[in-house]
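J.: This is input-v6.txt (compact mmCIF, N, CA and C atoms and all ligand atoms).
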# COMPACT_ATOMS: atom_id res chain seq x y z
N MET A 1 12.03 14.89 11.90
CA MET A 1 12.16 14.06 10.70
C MET A 1 10.76 13.67 10.21
N LYS A 2 10.50 13.91 8.92
CA LYS A 2 9.20 13.54 8.36
C LYS A 2 9.19 12.06 7.99
N LEU A 3 8.11 11.39 8.42
CA LEU A 3 7.97 9.98 8.09
C LEU A 3 6.84 9.71 7.10
N LEU A 4 5.81 10.59 7.16
CA LEU A 4 4.62 10.35 6.34
C LEU A 4 4.59 11.28 5.14
N ILE A 5 4.10 10.77 4.03
CA ILE A 5 4.02 11.57 2.82
C ILE A 5 2.61 12.16 2.69
N PRO A 6 2.40 13.15 1.82
CA PRO A 6 1.07 13.78 1.66
C PRO A 6 0.01 12.77 1.22
N PRO A 7 -1.24 12.96 1.69
CA PRO A 7 -2.32 12.02 1.38
C PRO A 7 -2.54 11.82 -0.11
N GLU A 8 -2.40 12.89 -0.92
CA GLU A 8 -2.64 12.74 -2.35
C GLU A 8 -1.59 11.83 -3.00
N THR A 9 -0.39 11.86 -2.46
CA THR A 9 0.66 10.98 -2.98
C THR A 9 0.39 9.53 -2.57
N VAL A 10 -0.11 9.35 -1.36
CA VAL A 10 -0.48 8.00 -0.90
C VAL A 10 -1.54 7.42 -1.84
N GLN A 11 -2.56 8.22 -2.15
CA GLN A 11 -3.64 7.73 -3.02
C GLN A 11 -3.11 7.41 -4.41
N ALA A 12 -2.20 8.22 -4.92
CA ALA A 12 -1.62 7.96 -6.24
C ALA A 12 -0.82 6.65 -6.22
N ARG A 13 -0.07 6.43 -5.15
CA ARG A 13 0.68 5.17 -5.03
C ARG A 13 -0.26 3.97 -4.99
N LEU A 14 -1.31 4.08 -4.16
CA LEU A 14 -2.22 2.95 -4.00
C LEU A 14 -3.00 2.68 -5.29
N ALA A 15 -3.29 3.72 -6.07
CA ALA A 15 -3.97 3.52 -7.35
C ALA A 15 -3.08 2.71 -8.29
N LEU A 16 -1.77 3.01 -8.29
CA LEU A 16 -0.84 2.23 -9.12
C LEU A 16 -0.78 0.79 -8.63
N CYS A 17 -0.77 0.60 -7.33
CA CYS A 17 -0.73 -0.75 -6.76
C CYS A 17 -1.98 -1.55 -7.15
N ARG A 18 -3.15 -0.92 -7.05
CA ARG A 18 -4.40 -1.64 -7.34
C ARG A 18 -4.44 -2.12 -8.80
N ALA A 19 -3.76 -1.42 -9.68
CA ALA A 19 -3.73 -1.79 -11.09
C ALA A 19 -2.58 -2.75 -11.41
N CYS A 20 -1.81 -3.11 -10.42
CA CYS A 20 -0.60 -3.92 -10.63
C CYS A 20 -0.91 -5.41 -10.46
N PRO A 21 -0.31 -6.27 -11.28
CA PRO A 21 -0.55 -7.71 -11.15
C PRO A 21 -0.01 -8.31 -9.84
N HIS A 22 0.86 -7.59 -9.14
CA HIS A 22 1.40 -8.10 -7.87
C HIS A 22 0.53 -7.73 -6.67
N PHE A 23 -0.51 -6.92 -6.92
CA PHE A 23 -1.40 -6.47 -5.83
C PHE A 23 -2.24 -7.63 -5.33
N GLN A 24 -2.24 -7.83 -4.02
CA GLN A 24 -3.05 -8.89 -3.41
C GLN A 24 -4.09 -8.22 -2.51
N ALA A 25 -5.30 -8.08 -3.05
CA ALA A 25 -6.38 -7.42 -2.30
C ALA A 25 -6.77 -8.26 -1.10
N GLN A 26 -6.92 -7.60 0.01
CA GLN A 26 -7.28 -8.32 1.23
C GLN A 26 -7.75 -7.30 2.26
N SER A 27 -8.69 -7.70 3.08
CA SER A 27 -9.08 -6.86 4.21
C SER A 27 -9.38 -7.78 5.38
N THR A 28 -9.20 -7.26 6.58
CA THR A 28 -9.39 -8.05 7.79
C THR A 28 -10.55 -7.47 8.59
N PRO A 29 -11.55 -8.31 8.91
CA PRO A 29 -12.69 -7.82 9.70
C PRO A 29 -12.25 -7.38 11.09
N LEU A 30 -12.83 -6.28 11.57
CA LEU A 30 -12.53 -5.79 12.92
C LEU A 30 -13.61 -6.26 13.88
N PRO A 31 -13.27 -6.52 15.13
CA PRO A 31 -14.25 -7.04 16.10
C PRO A 31 -15.47 -6.12 16.27
N GLY A 32 -15.27 -4.83 16.22
CA GLY A 32 -16.38 -3.90 16.42
C GLY A 32 -17.13 -3.55 15.15
N GLY A 33 -16.80 -4.20 14.04
CA GLY A 33 -17.40 -3.89 12.76
C GLY A 33 -16.42 -3.17 11.87
N GLY A 34 -16.71 -3.18 10.60
CA GLY A 34 -15.81 -2.56 9.63
C GLY A 34 -14.66 -3.49 9.29
N THR A 35 -13.77 -3.00 8.46
CA THR A 35 -12.62 -3.79 8.05
C THR A 35 -11.36 -2.95 8.05
N LEU A 36 -10.25 -3.64 8.21
CA LEU A 36 -8.93 -3.02 8.14
C LEU A 36 -8.31 -3.41 6.80
N PRO A 37 -7.89 -2.43 5.96
CA PRO A 37 -7.27 -2.79 4.69
C PRO A 37 -5.90 -3.42 4.92
N THR A 38 -5.72 -4.65 4.47
CA THR A 38 -4.44 -5.35 4.69
C THR A 38 -3.91 -5.88 3.36
N ALA A 39 -4.17 -5.14 2.29
CA ALA A 39 -3.65 -5.54 0.98
C ALA A 39 -2.12 -5.56 1.02
N SER A 40 -1.56 -6.50 0.29
CA SER A 40 -0.10 -6.62 0.28
C SER A 40 0.43 -6.73 -1.14
N CYS A 41 1.74 -6.62 -1.26
CA CYS A 41 2.43 -6.74 -2.54
C CYS A 41 3.09 -8.12 -2.60
N ALA A 42 2.77 -8.89 -3.64
CA ALA A 42 3.35 -10.22 -3.78
C ALA A 42 4.84 -10.15 -4.12
N ARG A 43 5.29 -9.02 -4.58
CA ARG A 43 6.69 -8.86 -5.00
C ARG A 43 7.60 -8.62 -3.79
N CYS A 44 7.17 -7.72 -2.88
CA CYS A 44 8.03 -7.39 -1.73
C CYS A 44 7.46 -7.90 -0.41
N GLY A 45 6.17 -8.27 -0.39
CA GLY A 45 5.57 -8.79 0.82
C GLY A 45 5.07 -7.74 1.79
N CYS A 46 5.19 -6.47 1.42
CA CYS A 46 4.80 -5.39 2.35
C CYS A 46 3.29 -5.19 2.38
N PHE A 47 2.79 -4.70 3.54
CA PHE A 47 1.41 -4.23 3.62
C PHE A 47 1.38 -2.86 2.96
N LEU A 48 0.61 -2.74 1.89
CA LEU A 48 0.68 -1.54 1.06
C LEU A 48 0.10 -0.30 1.70
N HIS A 49 -0.89 -0.45 2.57
CA HIS A 49 -1.47 0.73 3.21
C HIS A 49 -0.52 1.33 4.25
N VAL A 50 0.51 0.61 4.62
CA VAL A 50 1.57 1.14 5.47
C VAL A 50 2.70 1.65 4.60
N LYS A 51 3.18 0.79 3.72
CA LYS A 51 4.32 1.14 2.88
C LYS A 51 4.08 2.42 2.06
N ALA A 52 2.88 2.55 1.50
CA ALA A 52 2.58 3.70 0.63
C ALA A 52 2.59 5.03 1.39
N ARG A 53 2.52 4.98 2.72
CA ARG A 53 2.47 6.22 3.52
C ARG A 53 3.84 6.69 4.01
N LEU A 54 4.86 5.91 3.78
CA LEU A 54 6.16 6.21 4.38
C LEU A 54 7.16 6.79 3.38
N PHE A 55 7.84 7.85 3.81
CA PHE A 55 8.97 8.36 3.05
C PHE A 55 10.04 7.26 2.95
N GLY A 56 10.79 7.29 1.86
CA GLY A 56 11.92 6.38 1.73
C GLY A 56 11.54 5.01 1.18
N GLN A 57 10.23 4.76 1.00
CA GLN A 57 9.81 3.48 0.45
C GLN A 57 9.72 3.56 -1.06
N ARG A 58 10.00 2.47 -1.73
CA ARG A 58 9.97 2.41 -3.19
C ARG A 58 9.27 1.14 -3.64
N CYS A 59 8.56 1.26 -4.76
CA CYS A 59 7.98 0.08 -5.39
C CYS A 59 9.13 -0.76 -5.97
N PRO A 60 9.15 -2.07 -5.73
CA PRO A 60 10.24 -2.90 -6.26
C PRO A 60 10.23 -3.02 -7.78
N GLU A 61 9.09 -2.64 -8.41
CA GLU A 61 9.00 -2.66 -9.87
C GLU A 61 9.25 -1.28 -10.47
N GLY A 62 9.55 -0.30 -9.62
CA GLY A 62 9.84 1.05 -10.11
C GLY A 62 8.61 1.82 -10.55
N LYS A 63 7.41 1.40 -10.11
CA LYS A 63 6.18 2.11 -10.52
C LYS A 63 5.94 3.36 -9.70
N TRP A 64 6.49 3.46 -8.51
CA TRP A 64 6.44 4.69 -7.71
C TRP A 64 7.62 4.73 -6.77
S1 LIG B 1 4.56 -1.91 -4.62
FE1 LIG B 1 4.90 -1.96 -6.84
S2 LIG B 1 5.06 -4.15 -7.36
FE2 LIG B 1 4.06 -3.99 -5.36
S3 LIG B 1 1.84 -3.96 -5.80
FE3 LIG B 1 2.55 -1.82 -5.66
S4 LIG B 1 2.99 -1.24 -7.79
FE4 LIG B 1 2.95 -3.49 -7.70
In structure tokens, how does this file's structure come out?
Ligand code: SF4
T.:
Amino acid sequence: MKLLIPPETVQARLALCRACPHFQAQSTPLPGGGTLPTASCARCGCFLHVKARLFGQRCPEGKW
């Protein structure tokens, strides 16, 4: 069973999210340096970098 969608589709979804008024930009610092993207959707509450990668997920506003 496939769970992950193609990378180009993930990027297209995230581009729509970044332009959306419900997008909540956020990142979490990692102990060893760098950051983990933890942006979320104010509409559904999901972490978008996870949700955008999964088959069967839908934008609650119908944008993807
Ligand atoms: S999932 Fe939909 S409503 Fe939520 S931030 Fe992305 S485009 Fe906006």
J.: Using DSSP assignments from the backbone, pull out every residue in chain A that falls under strand (DSSP E or B) and give it to me as a list of chain:residue names.
T.: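 Those residues are A:Leu4, A:Phe23, A:Gln24, A:Ser27, A:Thr28, A:Pro29, A:Thr35, A:Leu36, A:Pro37, A:Ser40, A:Cys41, A:Phe47, A:Leu54.
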J.: Per residue of chain A within 6.5 Å of ligand LIG 1 (chain B), which atom pair is closest and at what distance in Å (one decimal), using all atoms listed in the file, listed by chain and increasing number, as CSV?
T.:
residue,atom,partner,partner_atom,distance
A:Arg13,C,B:LIG1,FE3,6.5
A:Leu16,C,B:LIG1,S4,4.4
A:Cys17,CA,B:LIG1,FE3,3.6
A:Arg18,N,B:LIG1,FE3,5.9
A:Cys20,CA,B:LIG1,FE4,4.6
A:Pro21,N,B:LIG1,FE4,5.6
A:His22,C,B:LIG1,S3,4.1
A:Phe23,N,B:LIG1,S3,3.9
A:Gln24,N,B:LIG1,S3,5.9
A:Ser40,C,B:LIG1,S3,5.6
A:Cys41,CA,B:LIG1,FE2,4.3
A:Ala42,N,B:LIG1,FE2,5.4
A:Arg43,N,B:LIG1,FE2,5.2
A:Cys44,N,B:LIG1,FE2,5.5
A:Arg58,C,B:LIG1,S1,5.7
A:Cys59,CA,B:LIG1,FE1,4.0
A:Pro60,N,B:LIG1,FE1,4.4
A:Glu61,N,B:LIG1,S2,4.4
A:Gly62,N,B:LIG1,FE1,5.7
A:Lys63,N,B:LIG1,FE1,5.3
A:Trp64,N,B:LIG1,FE1,5.9
J.: Using atom C of Leu4 of chain A and atom CA of Thr35 of chain A as the two end points, give the distance in Å to one decimal.
T.: 23.1 Å
J.: Would you compute the distance between atom C of Val50 of chain A and atom N of Leu14 of chain A? Give it in Å to one decimal.
T.: 9.9 Å
J.: Do you have the atom C of Gln11 of chain A-atom N of Arg53 of chain A distance handy?
T.: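 Interatomic distance here is 9.4 Å.
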J.: Export C-alpha atoms of chain A from the structure just given, as an mmCIF file, in the first residue's frame?
T.:
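So the final result, stored in decode20.cif, reads:
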data_model
loop_
_atom_site.group_PDB
_atom_site.id
_atom_site.type_symbol
_atom_site.label_atom_id
_atom_site.label_comp_id
_atom_site.auth_asym_id
_atom_site.auth_seq_id
_atom_site.Cartn_x
_atom_site.Cartn_y
_atom_site.Cartn_z
ATOM 1 C CA MET A 1 0.000 0.000 0.000
ATOM 2 C CA LYS A 2 1.388 3.397 -1.006
ATOM 3 C CA LEU A 3 1.393 6.006 1.734
ATOM 4 C CA LEU A 4 3.615 8.743 0.316
ATOM 5 C CA ILE A 5 2.921 10.888 -2.707
ATOM 6 C CA PRO A 6 5.530 12.086 -5.289
ATOM 7 C CA PRO A 7 7.864 14.892 -4.121
ATOM 8 C CA GLU A 8 6.706 17.304 -6.839
ATOM 9 C CA THR A 9 3.125 16.945 -5.628
ATOM 10 C CA VAL A 10 4.232 17.576 -2.038
ATOM 11 C CA GLN A 11 5.957 20.796 -3.134
ATOM 12 C CA ALA A 12 2.872 21.901 -5.078
ATOM 13 C CA ARG A 13 0.680 21.297 -2.019
ATOM 14 C CA LEU A 14 3.047 23.173 0.289
ATOM 15 C CA ALA A 15 3.240 26.111 -2.137
ATOM 16 C CA LEU A 16 -0.559 26.408 -1.970
ATOM 17 C CA CYS A 17 -0.417 26.209 1.821
ATOM 18 C CA ARG A 18 2.252 28.925 2.096
ATOM 19 C CA ALA A 19 0.008 31.280 0.115
ATOM 20 C CA CYS A 20 -3.046 30.440 2.235
ATOM 21 C CA PRO A 21 -4.318 32.687 5.071
ATOM 22 C CA HIS A 22 -4.675 29.599 7.310
ATOM 23 C CA PHE A 23 -0.946 28.777 7.033
ATOM 24 C CA GLN A 24 0.897 29.139 10.338
ATOM 25 C CA ALA A 25 4.627 29.318 9.636
ATOM 26 C CA GLN A 26 6.705 27.762 12.356
ATOM 27 C CA SER A 27 9.936 25.861 12.782
ATOM 28 C CA THR A 28 11.449 24.112 15.780
ATOM 29 C CA PRO A 29 15.180 24.342 16.557
ATOM 30 C CA LEU A 30 16.982 20.988 16.723
ATOM 31 C CA PRO A 31 19.518 20.265 19.489
ATOM 32 C CA GLY A 32 22.325 19.546 17.013
ATOM 33 C CA GLY A 33 21.610 22.619 14.891
ATOM 34 C CA GLY A 34 19.229 23.326 12.078
ATOM 35 C CA THR A 35 15.469 23.435 12.310
ATOM 36 C CA LEU A 36 12.534 21.106 11.854
ATOM 37 C CA PRO A 37 9.662 22.554 9.769
ATOM 38 C CA THR A 38 6.555 22.411 11.969
ATOM 39 C CA ALA A 39 4.207 24.688 10.053
ATOM 40 C CA SER A 40 0.562 23.916 10.669
ATOM 41 C CA CYS A 41 -2.875 24.669 9.259
ATOM 42 C CA ALA A 42 -5.131 26.821 11.452
ATOM 43 C CA ARG A 43 -8.176 25.287 9.757
ATOM 44 C CA CYS A 44 -7.515 21.589 10.446
ATOM 45 C CA GLY A 45 -4.652 21.762 12.965
ATOM 46 C CA CYS A 46 -2.428 19.372 11.008
ATOM 47 C CA PHE A 47 1.347 19.618 10.648
ATOM 48 C CA LEU A 48 1.564 20.424 6.959
ATOM 49 C CA HIS A 49 4.957 18.868 6.237
ATOM 50 C CA VAL A 50 3.431 15.539 7.293
ATOM 51 C CA LYS A 51 -0.068 15.951 5.911
ATOM 52 C CA ALA A 52 1.131 17.116 2.472
ATOM 53 C CA ARG A 53 3.145 13.883 2.042
ATOM 54 C CA LEU A 54 0.341 11.418 2.663
ATOM 55 C CA PHE A 55 -2.090 9.831 0.243
ATOM 56 C CA GLY A 56 -5.721 10.258 1.223
ATOM 57 C CA GLN A 57 -5.225 13.682 2.812
ATOM 58 C CA ARG A 58 -7.233 16.680 1.626
ATOM 59 C CA CYS A 59 -7.100 20.409 2.226
ATOM 60 C CA PRO A 60 -10.208 21.360 4.262
ATOM 61 C CA GLU A 61 -10.648 24.397 1.978
ATOM 62 C CA GLY A 62 -10.496 22.269 -1.184
ATOM 63 C CA LYS A 63 -7.249 23.879 -2.413
ATOM 64 C CA TRP A 64 -5.566 20.488 -2.937
#
